[in-house]
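Novice: For reference, this is coords-v7.txt, and it has compact mmCIF, C-alpha atoms.
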# COMPACT_ATOMS: atom_id res chain seq x y z
CA MET H 1 -2.36 -27.42 10.05
CA GLY H 2 -2.56 -23.70 9.29
CA LEU H 3 -1.96 -21.92 6.03
CA PRO H 4 1.63 -21.51 4.77
CA VAL H 5 3.53 -18.70 6.51
CA MET H 6 3.60 -16.34 3.50
CA ALA H 7 -0.14 -16.83 2.93
CA ASP H 8 -0.76 -16.03 6.61
CA LEU H 9 1.25 -12.82 6.31
CA ARG H 10 -0.55 -11.82 3.14
CA ASN H 11 -3.93 -12.33 4.76
CA LEU H 12 -2.84 -10.46 7.89
CA GLU H 13 -1.59 -7.59 5.73
CA THR H 14 -4.94 -7.50 3.93
CA PHE H 15 -6.78 -7.47 7.28
CA VAL H 16 -4.68 -4.54 8.51
CA TRP H 17 -5.17 -2.46 5.37
CA VAL H 18 -8.92 -3.10 5.20
CA ALA H 19 -9.14 -1.96 8.83
CA HIS H 20 -6.99 1.14 8.23
CA LEU H 21 -8.59 2.20 4.94
CA GLY H 22 -12.15 1.29 5.87
CA GLY H 23 -13.06 -0.80 2.85
CA PHE H 24 -12.19 -3.71 0.56
CA ARG H 25 -11.88 -1.54 -2.56
CA ALA H 26 -9.41 0.87 -0.96
CA ALA H 27 -7.36 -2.05 0.39
CA ALA H 28 -7.34 -3.67 -3.05
CA ASP H 29 -5.97 -0.45 -4.59
CA LYS H 30 -3.29 -0.20 -1.91
CA LEU H 31 -2.27 -3.86 -2.32
CA ASN H 32 -2.44 -3.76 -6.12
CA THR H 33 -4.98 -6.57 -6.29
CA THR H 34 -8.71 -7.02 -6.86
CA GLN H 35 -11.63 -6.55 -4.51
CA PRO H 36 -12.66 -10.25 -4.81
CA ALA H 37 -9.10 -11.25 -3.87
CA VAL H 38 -9.28 -9.06 -0.78
CA SER H 39 -12.64 -10.56 0.18
CA GLN H 40 -11.22 -14.07 -0.26
CA ARG H 41 -8.19 -13.32 1.93
CA ILE H 42 -10.39 -11.94 4.72
CA ALA H 43 -12.65 -14.99 4.47
CA GLN H 44 -9.61 -17.30 4.69
CA LEU H 45 -8.30 -15.45 7.74
CA GLU H 46 -11.69 -15.51 9.46
CA SER H 47 -11.88 -19.25 8.78
CA GLU H 48 -8.32 -19.80 10.03
CA LEU H 49 -8.99 -17.86 13.26
CA ALA H 50 -12.60 -19.03 13.62
CA VAL H 51 -13.75 -15.46 14.30
CA LYS H 52 -15.63 -12.75 12.46
CA LEU H 53 -13.37 -9.74 11.84
CA PHE H 54 -15.73 -7.33 10.04
CA ASP H 55 -19.41 -6.54 10.07
CA ARG H 56 -20.73 -5.91 6.55
CA GLU H 57 -23.14 -2.95 6.68
CA PRO H 58 -25.08 -1.09 3.96
CA ARG H 59 -22.79 1.95 4.35
CA GLY H 60 -19.57 -0.05 4.44
CA ILE H 61 -17.71 -2.27 6.88
CA ALA H 62 -16.73 -1.98 10.52
CA LEU H 63 -14.43 -4.00 12.74
CA THR H 64 -16.17 -6.37 15.11
CA SER H 65 -15.17 -6.28 18.78
CA LYS H 66 -12.95 -9.32 18.14
CA GLY H 67 -11.49 -7.62 15.06
CA ASN H 68 -10.59 -4.59 17.19
CA GLU H 69 -8.98 -6.89 19.72
CA LEU H 70 -6.89 -8.76 17.12
CA LEU H 71 -5.83 -5.78 14.99
CA PRO H 72 -2.87 -4.73 17.21
CA TYR H 73 -1.53 -8.30 17.15
CA ALA H 74 -1.70 -8.41 13.34
CA GLU H 75 0.04 -5.03 13.13
CA ARG H 76 2.78 -6.24 15.47
CA MET H 77 3.38 -9.38 13.43
CA LEU H 78 3.63 -7.43 10.19
CA GLN H 79 5.94 -4.88 11.78
CA LEU H 80 8.24 -7.65 13.02
CA HIS H 81 8.28 -9.13 9.53
CA ALA H 82 9.08 -5.72 8.02
CA ASP H 83 11.84 -5.17 10.59
CA LEU H 84 13.30 -8.56 9.73
CA LEU H 85 13.40 -7.76 6.03
CA HIS H 86 14.78 -4.28 6.67
CA ALA H 87 17.59 -5.65 8.83
CA ALA H 88 18.51 -8.30 6.25
CA ARG H 89 18.19 -6.14 3.16
CA GLU H 90 20.97 -4.15 1.50
CA LYS H 91 20.06 -0.49 1.17
CA LYS H 92 20.50 -0.55 -2.59
CA ALA H 93 18.01 -3.43 -2.79
CA MET H 94 15.26 -1.59 -0.90
CA ARG H 95 12.48 -0.88 -3.35
CA GLY H 96 8.98 0.53 -3.40
CA ILE H 97 7.06 3.78 -3.80
CA VAL H 98 6.91 6.41 -1.07
CA ARG H 99 4.20 9.06 -1.42
CA LEU H 100 5.78 12.17 0.10
CA GLY H 101 3.97 15.41 0.90
CA VAL H 102 6.16 18.50 1.27
CA ALA H 103 5.43 22.02 2.49
CA GLU H 104 6.74 24.62 0.03
CA THR H 105 9.24 26.12 2.48
CA ILE H 106 11.13 22.81 2.39
CA VAL H 107 11.05 22.89 -1.42
CA HIS H 108 12.93 26.22 -1.31
CA THR H 109 15.57 24.91 1.11
CA TRP H 110 16.84 21.31 1.12
CA LEU H 111 14.35 19.13 -0.81
CA SER H 112 16.56 18.86 -3.92
CA LYS H 113 19.46 17.63 -1.78
CA LEU H 114 17.16 15.04 -0.19
CA ILE H 115 16.12 13.72 -3.61
CA GLU H 116 19.73 13.56 -4.76
CA ARG H 117 20.80 11.72 -1.60
CA MET H 118 17.85 9.30 -1.74
CA HIS H 119 18.71 8.38 -5.32
CA ALA H 120 22.31 7.66 -4.32
CA VAL H 121 21.49 5.58 -1.22
CA TYR H 122 18.20 3.92 -2.29
CA PRO H 123 18.27 3.85 -6.11
CA ALA H 124 15.34 1.39 -6.31
CA LEU H 125 13.11 3.51 -4.07
CA THR H 126 10.72 5.88 -5.88
CA LEU H 127 9.51 9.17 -4.38
CA GLU H 128 6.14 10.52 -5.51
CA ILE H 129 6.20 14.13 -4.30
CA GLU H 130 3.19 16.37 -3.67
CA VAL H 131 3.70 20.02 -2.68
CA ASP H 132 0.95 21.77 -0.73
CA VAL H 133 0.21 23.66 2.48
CA SER H 134 0.58 21.80 5.78
CA PRO H 135 -3.15 21.51 6.68
CA LEU H 136 -4.01 19.84 3.35
CA LEU H 137 -1.00 17.54 3.56
CA ARG H 138 -2.06 16.59 7.08
CA GLU H 139 -5.54 15.64 5.81
CA ARG H 140 -4.07 13.52 3.02
CA LEU H 141 -1.69 11.81 5.45
CA LEU H 142 -4.51 10.93 7.84
CA ALA H 143 -6.58 9.64 4.89
CA HIS H 144 -3.67 7.31 3.98
CA GLN H 145 -3.20 9.11 0.64
CA LEU H 146 0.38 9.97 1.65
CA ASP H 147 2.97 7.78 3.37
CA ILE H 148 4.93 10.64 4.95
CA ALA H 149 4.70 14.43 5.08
CA PHE H 150 7.11 17.25 5.90
CA VAL H 151 4.78 19.77 7.51
CA LEU H 152 4.39 22.36 10.22
CA GLY H 153 3.98 19.94 13.09
CA PRO H 154 3.81 17.92 15.11
CA ILE H 155 0.61 16.06 14.26
CA SER H 156 -1.03 14.85 17.45
CA GLU H 157 -2.78 11.66 16.36
CA PRO H 158 -2.65 8.09 17.70
CA ARG H 159 0.17 6.01 16.20
CA MET H 160 1.63 9.03 14.38
CA LYS H 161 5.41 9.32 14.45
CA ASN H 162 6.76 12.91 14.54
CA VAL H 163 10.44 13.67 13.93
CA ALA H 164 11.70 17.27 14.20
CA LEU H 165 13.42 18.47 11.01
CA SER H 166 13.89 22.21 10.57
CA SER H 167 13.07 25.44 12.34
CA TYR H 168 12.97 28.73 10.39
CA PRO H 169 12.50 32.24 11.74
CA LEU H 170 9.49 34.03 10.28
CA ALA H 171 9.99 37.75 9.64
CA TRP H 172 8.16 40.83 8.45
CA VAL H 173 9.45 41.67 4.98
CA ALA H 174 8.76 44.74 2.84
CA SER H 175 9.89 46.64 -0.21
CA PRO H 176 12.21 49.58 0.64
CA SER H 177 9.74 51.76 -1.30
CA LEU H 178 7.21 51.50 1.56
CA ASP H 179 7.53 54.27 4.15
CA LEU H 180 7.26 52.45 7.47
CA GLY H 181 9.10 54.95 9.65
CA ALA H 182 11.83 54.11 12.15
CA ASP H 183 12.41 50.70 13.72
CA PRO H 184 10.91 49.13 15.70
CA VAL H 185 7.79 49.52 13.59
CA PRO H 186 4.47 49.40 15.49
CA LEU H 187 2.07 46.67 14.45
CA SER H 188 -0.53 49.35 13.79
CA THR H 189 1.79 50.82 11.13
CA LEU H 190 2.27 47.44 9.46
CA ALA H 191 -1.50 46.94 9.43
CA ARG H 192 -1.96 49.97 7.16
CA TRP H 193 -0.87 47.67 4.32
CA PRO H 194 -2.19 44.23 3.40
CA ILE H 195 -0.37 41.42 5.20
CA ILE H 196 0.71 38.76 2.69
CA THR H 197 1.48 35.32 4.08
CA TYR H 198 0.59 31.63 4.09
CA PRO H 199 -3.05 30.58 3.48
CA ARG H 200 -5.94 31.14 5.88
CA ASN H 201 -5.94 27.76 7.63
CA THR H 202 -2.18 27.68 8.36
CA ARG H 203 -0.45 28.34 11.69
CA PRO H 204 1.38 31.51 10.51
CA TYR H 205 -1.87 33.06 9.24
CA ILE H 206 -3.71 32.27 12.47
CA ALA H 207 -0.83 33.54 14.66
CA ILE H 208 -0.63 36.83 12.74
CA ARG H 209 -4.36 37.41 12.91
CA GLU H 210 -4.37 36.81 16.67
CA MET H 211 -1.35 39.08 17.12
CA MET H 212 -2.81 41.95 15.11
CA THR H 213 -6.44 41.85 16.21
CA ARG H 214 -6.58 44.63 18.81
CA HIS H 215 -9.01 47.44 19.43
CA ASP H 216 -6.46 50.12 18.41
CA MET H 217 -5.55 48.47 15.09
CA PRO H 218 -6.79 49.44 11.63
CA ALA H 219 -9.07 46.96 9.87
CA LEU H 220 -6.73 44.11 9.01
CA ARG H 221 -6.39 42.95 5.40
CA MET H 222 -4.68 39.57 5.02
CA TYR H 223 -3.81 38.05 1.67
CA GLY H 224 -3.28 34.34 2.16
CA ASN H 225 -1.39 32.58 -0.62
CA ALA H 226 -0.18 29.00 -1.03
CA SER H 227 2.67 30.03 -3.36
CA LEU H 228 5.79 31.48 -1.73
CA SER H 229 6.96 32.69 -5.14
CA THR H 230 3.75 34.69 -5.53
CA ILE H 231 4.09 36.11 -2.01
CA VAL H 232 7.63 37.29 -2.82
CA ARG H 233 6.48 38.82 -6.13
CA MET H 234 3.64 40.71 -4.43
CA THR H 235 6.06 42.00 -1.77
CA LEU H 236 8.55 43.14 -4.42
CA ASP H 237 5.72 45.03 -6.13
CA GLY H 238 4.97 46.90 -2.89
CA ILE H 239 1.45 45.48 -2.57
CA GLY H 240 1.86 44.86 1.15
CA ILE H 241 4.00 43.55 4.01
CA SER H 242 4.77 39.84 3.91
CA ALA H 243 5.46 37.38 6.72
CA ILE H 244 7.88 34.78 5.33
CA PRO H 245 11.21 33.14 6.23
CA PRO H 246 14.11 35.43 5.20
CA LEU H 247 15.99 32.28 4.17
CA ILE H 248 14.00 32.01 0.94
CA ILE H 249 14.73 35.60 -0.16
CA ARG H 250 18.50 35.77 0.39
CA ARG H 251 19.12 37.15 -3.10
CA GLU H 252 16.44 39.83 -2.80
CA LEU H 253 17.83 40.88 0.60
CA THR H 254 21.42 40.98 -0.70
CA GLU H 255 20.34 43.07 -3.69
CA LYS H 256 18.34 45.32 -1.32
CA ARG H 257 15.14 44.80 -3.30
CA LEU H 258 13.51 43.66 -0.05
CA ARG H 259 14.29 44.31 3.60
CA VAL H 260 13.52 42.63 6.91
CA VAL H 261 11.39 44.94 9.05
CA LYS H 262 12.10 45.08 12.77
CA ALA H 263 8.69 45.32 14.37
CA GLU H 264 7.61 45.82 17.97
CA GLN H 265 6.63 42.15 18.16
CA ASN H 266 8.40 39.14 16.63
CA LEU H 267 6.71 36.40 14.67
CA PRO H 268 6.75 32.73 15.77
CA ASP H 269 9.23 30.33 14.18
CA LEU H 270 8.14 27.75 11.62
CA ASN H 271 8.84 24.27 13.02
CA PHE H 272 8.73 21.47 10.47
CA HIS H 273 8.41 17.77 11.27
CA ALA H 274 8.50 14.55 9.31
CA CYS H 275 5.19 12.85 10.16
CA TYR H 276 4.13 9.35 9.24
CA PRO H 277 1.72 6.74 10.65
CA VAL H 278 3.24 3.63 12.21
CA LYS H 279 2.10 0.80 9.95
CA PRO H 280 3.45 -2.37 8.28
CA ASP H 281 5.46 -0.54 5.61
CA SER H 282 6.62 2.38 7.77
CA TYR H 283 10.24 1.28 7.41
CA LEU H 284 10.20 3.06 4.02
CA ALA H 285 9.06 6.30 5.68
CA GLU H 286 11.74 5.79 8.32
CA ALA H 287 14.38 5.53 5.60
CA VAL H 288 13.22 8.82 4.04
CA THR H 289 13.05 10.50 7.45
CA GLU H 290 16.58 9.44 8.37
CA ILE H 291 18.03 11.12 5.29
CA ALA H 292 15.68 14.13 5.64
CA ARG H 293 17.08 14.76 9.12
CA GLU H 294 20.62 14.63 7.73
CA MET H 295 19.77 17.15 4.99
CA ALA H 296 17.91 19.46 7.40
CA GLN H 297 20.80 19.41 9.87
CA ALA H 298 23.35 20.09 7.12
CA GLU H 299 21.26 23.02 5.90
CA ALA H 300 21.04 24.40 9.45
CA ARG H 301 24.83 24.22 9.76
CA ARG H 302 25.21 26.15 6.50
CA ARG H 303 22.85 28.82 7.82
CA GLU H 304 24.83 29.17 11.04
CA LYS H 305 28.08 29.46 9.07
CA ARG H 306 26.63 32.24 6.87
CA GLN H 307 25.47 34.17 9.92
CA LYS H 308 28.94 34.18 11.54
Spit out the file's structure as structure tokens when you get a sec.
Specialist:
Amino acid sequence: MGLPVMADLRNLETFVWVAHLGGFRAAADKLNTTQPAVSQRIAQLESELAVKLFDREPRGIALTSKGNELLPYAERMLQLHADLLHAAREKKAMRGIVRLGVAETIVHTWLSKLIERMHAVYPALTLEIEVDVSPLLRERLLAHQLDIAFVLGPISEPRMKNVALSSYPLAWVASPSLDLGADPVPLSTLARWPIITYPRNTRPYIAIREMMTRHDMPALRMYGNASLSTIVRMTLDGIGISAIPPLIIRRELTEKRLRVVKAEQNLPDLNFHACYPVKPDSYLAEAVTEIAREMAQAEARRREKRQK
């Protein structure tokens, strides 16, 4: 006779999280239990299966060859169990904590509507929101410190789910006080001023540097900043030319305190994705993603209506 079904699932879940997080302590924190309890569950599972799942080493633990072989089966069983619960559960009864990382551009567009909608549909589900630049959110997602992230994507990693959300044009923006001459403005003219944009390790920063690094260009000065509000303030003050989505400065454009500059070369669009690893509790991330897509699509329709 084996262990009771729920005990089997608990031990399998512990096995999966120890494998994913690389240690008993990290798995204990994730499962809200103690390290001895995690060790006991792994020992029970190894005894039940009559195999060794982990090698204990001075620097930590590592899956054995048999552990690597069995891990996909354990993940599949837990996913089936999660799917069963998700199918049987009323939305209002779904509960848990989802650690959500969000790029700031999303904060300035439809994040508040997402939170409002999530509260209405899943009142027992808690969002813990962290705002940062996409590269840092990506690192935290891969380190299992976030459950889902809305970032400049996609993220090309094994077992990573990527769902397209929003696409925003990126534009050159300047104070009307800067004398840039007639449109279209040469890149060499823009480069006379500092270029203010997203931080150094982001896709917009890298794309701009590649675009503006030519032998006939002035020495390029780029001011990377993680705060869109600070970028807008610096642009209003005439410190330099910014590269940001016009969507977030609608008021400043309407009041003619800032203007979109037509340059000889356009900037790439910002393409945001919902990214989350496929794991036993990914149905929570799927629930957030489903509503995020609805909010992103509704916001895109509003943009199209304003432009007509």
Novice: Rank H:Leu49, H:Leu142, H:Ile42, H:Met77 by their smallest atom-to-atom distance to H:Leu21, using only C-alpha atoms, and report the top residue only.
Specialist: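 Residue with the minimum atom-to-atom distance to H:Leu21: H:Leu142.
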Novice: Would you kindly return, as a PyMOL selection string, each protein, DNA or RNA residue with an atom no farther than 9 Å from any atom of stretch 272-285 of chain H, considering all atoms listed in the file and excluding same-chain residues fewer than 6 positions away?
Specialist: chain H and resi 13+16+75-83+86+94-98+100+103+106+125+138+141-142+144+146-155+157-168+292-293
Novice: Output C-alpha atoms for every residue in that selection, as a compact mmCIF listing (two decimals), keeping the file's coordinate frame.
Specialist:
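Final output, saved to part.txt:
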# COMPACT_ATOMS: atom_id res chain seq x y z
CA GLU H 13 -1.59 -7.59 5.73
CA VAL H 16 -4.68 -4.54 8.51
CA GLU H 75 0.04 -5.03 13.13
CA ARG H 76 2.78 -6.24 15.47
CA MET H 77 3.38 -9.38 13.43
CA LEU H 78 3.63 -7.43 10.19
CA GLN H 79 5.94 -4.88 11.78
CA LEU H 80 8.24 -7.65 13.02
CA HIS H 81 8.28 -9.13 9.53
CA ALA H 82 9.08 -5.72 8.02
CA ASP H 83 11.84 -5.17 10.59
CA HIS H 86 14.78 -4.28 6.67
CA MET H 94 15.26 -1.59 -0.90
CA ARG H 95 12.48 -0.88 -3.35
CA GLY H 96 8.98 0.53 -3.40
CA ILE H 97 7.06 3.78 -3.80
CA VAL H 98 6.91 6.41 -1.07
CA LEU H 100 5.78 12.17 0.10
CA ALA H 103 5.43 22.02 2.49
CA ILE H 106 11.13 22.81 2.39
CA LEU H 125 13.11 3.51 -4.07
CA ARG H 138 -2.06 16.59 7.08
CA LEU H 141 -1.69 11.81 5.45
CA LEU H 142 -4.51 10.93 7.84
CA HIS H 144 -3.67 7.31 3.98
CA LEU H 146 0.38 9.97 1.65
CA ASP H 147 2.97 7.78 3.37
CA ILE H 148 4.93 10.64 4.95
CA ALA H 149 4.70 14.43 5.08
CA PHE H 150 7.11 17.25 5.90
CA VAL H 151 4.78 19.77 7.51
CA LEU H 152 4.39 22.36 10.22
CA GLY H 153 3.98 19.94 13.09
CA PRO H 154 3.81 17.92 15.11
CA ILE H 155 0.61 16.06 14.26
CA GLU H 157 -2.78 11.66 16.36
CA PRO H 158 -2.65 8.09 17.70
CA ARG H 159 0.17 6.01 16.20
CA MET H 160 1.63 9.03 14.38
CA LYS H 161 5.41 9.32 14.45
CA ASN H 162 6.76 12.91 14.54
CA VAL H 163 10.44 13.67 13.93
CA ALA H 164 11.70 17.27 14.20
CA LEU H 165 13.42 18.47 11.01
CA SER H 166 13.89 22.21 10.57
CA SER H 167 13.07 25.44 12.34
CA TYR H 168 12.97 28.73 10.39
CA ALA H 292 15.68 14.13 5.64
CA ARG H 293 17.08 14.76 9.12
Novice: Between atom CA of H:Glu116 and atom CA of H:Val288, what is the distance, to one decimal in Å?
Specialist: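 Computed distance, atom CA of H:Glu116 to atom CA of H:Val288, equals 11.9 Å.
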Novice: What is the distance, in Å and to one decimal place, between atom CA of H:Asn68 and atom CA of H:Ala43?
Specialist: 16.6 Å
Novice: Atom CA of H:Leu111 and atom CA of H:Arg140, how far apart in Å?
Specialist: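 Going from atom CA of H:Arg140 over to atom CA of H:Leu111 covers 19.6 Å.
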Novice: Within 8 Å of H:Lys66, counting all atoms listed in the file, which residues qualify if same-chain residues fewer than 5 places away don't, as a ChimeraX atom specification?
Specialist: /H:51-53
Novice: From the set H:Thr126, H:Arg117, H:Gln265, H:Pro72, which residue has the shortest atom-to-atom contact distance to H:Ser188, counting only C-alpha atoms?
Specialist: H:Gln265
Novice: Please put the answer as AutoDock Vina command-line options: centre and edge lengths, in Å with one decimal, of a box along x, y and z that encloses all listed atoms of stretch 14-17 of chain H plus 4 Å on each side.
Specialist:
--center_x -5.7 --center_y -5.0 --center_z 6.2 --size_x 10.1 --size_y 13.0 --size_z 12.6
Novice: Please provide as a list in words all residues within 10 Å of H:Arg192, with the sequence filter that same-chain residues fewer than 3 positions apart are discarded (counting all atoms listed in the file).
Specialist: Leu180, Leu187, Ser188, Thr189, Ile195, Met217, Pro218, Ala219, Leu220, Arg221, Gly240 and Ile241 of chain H
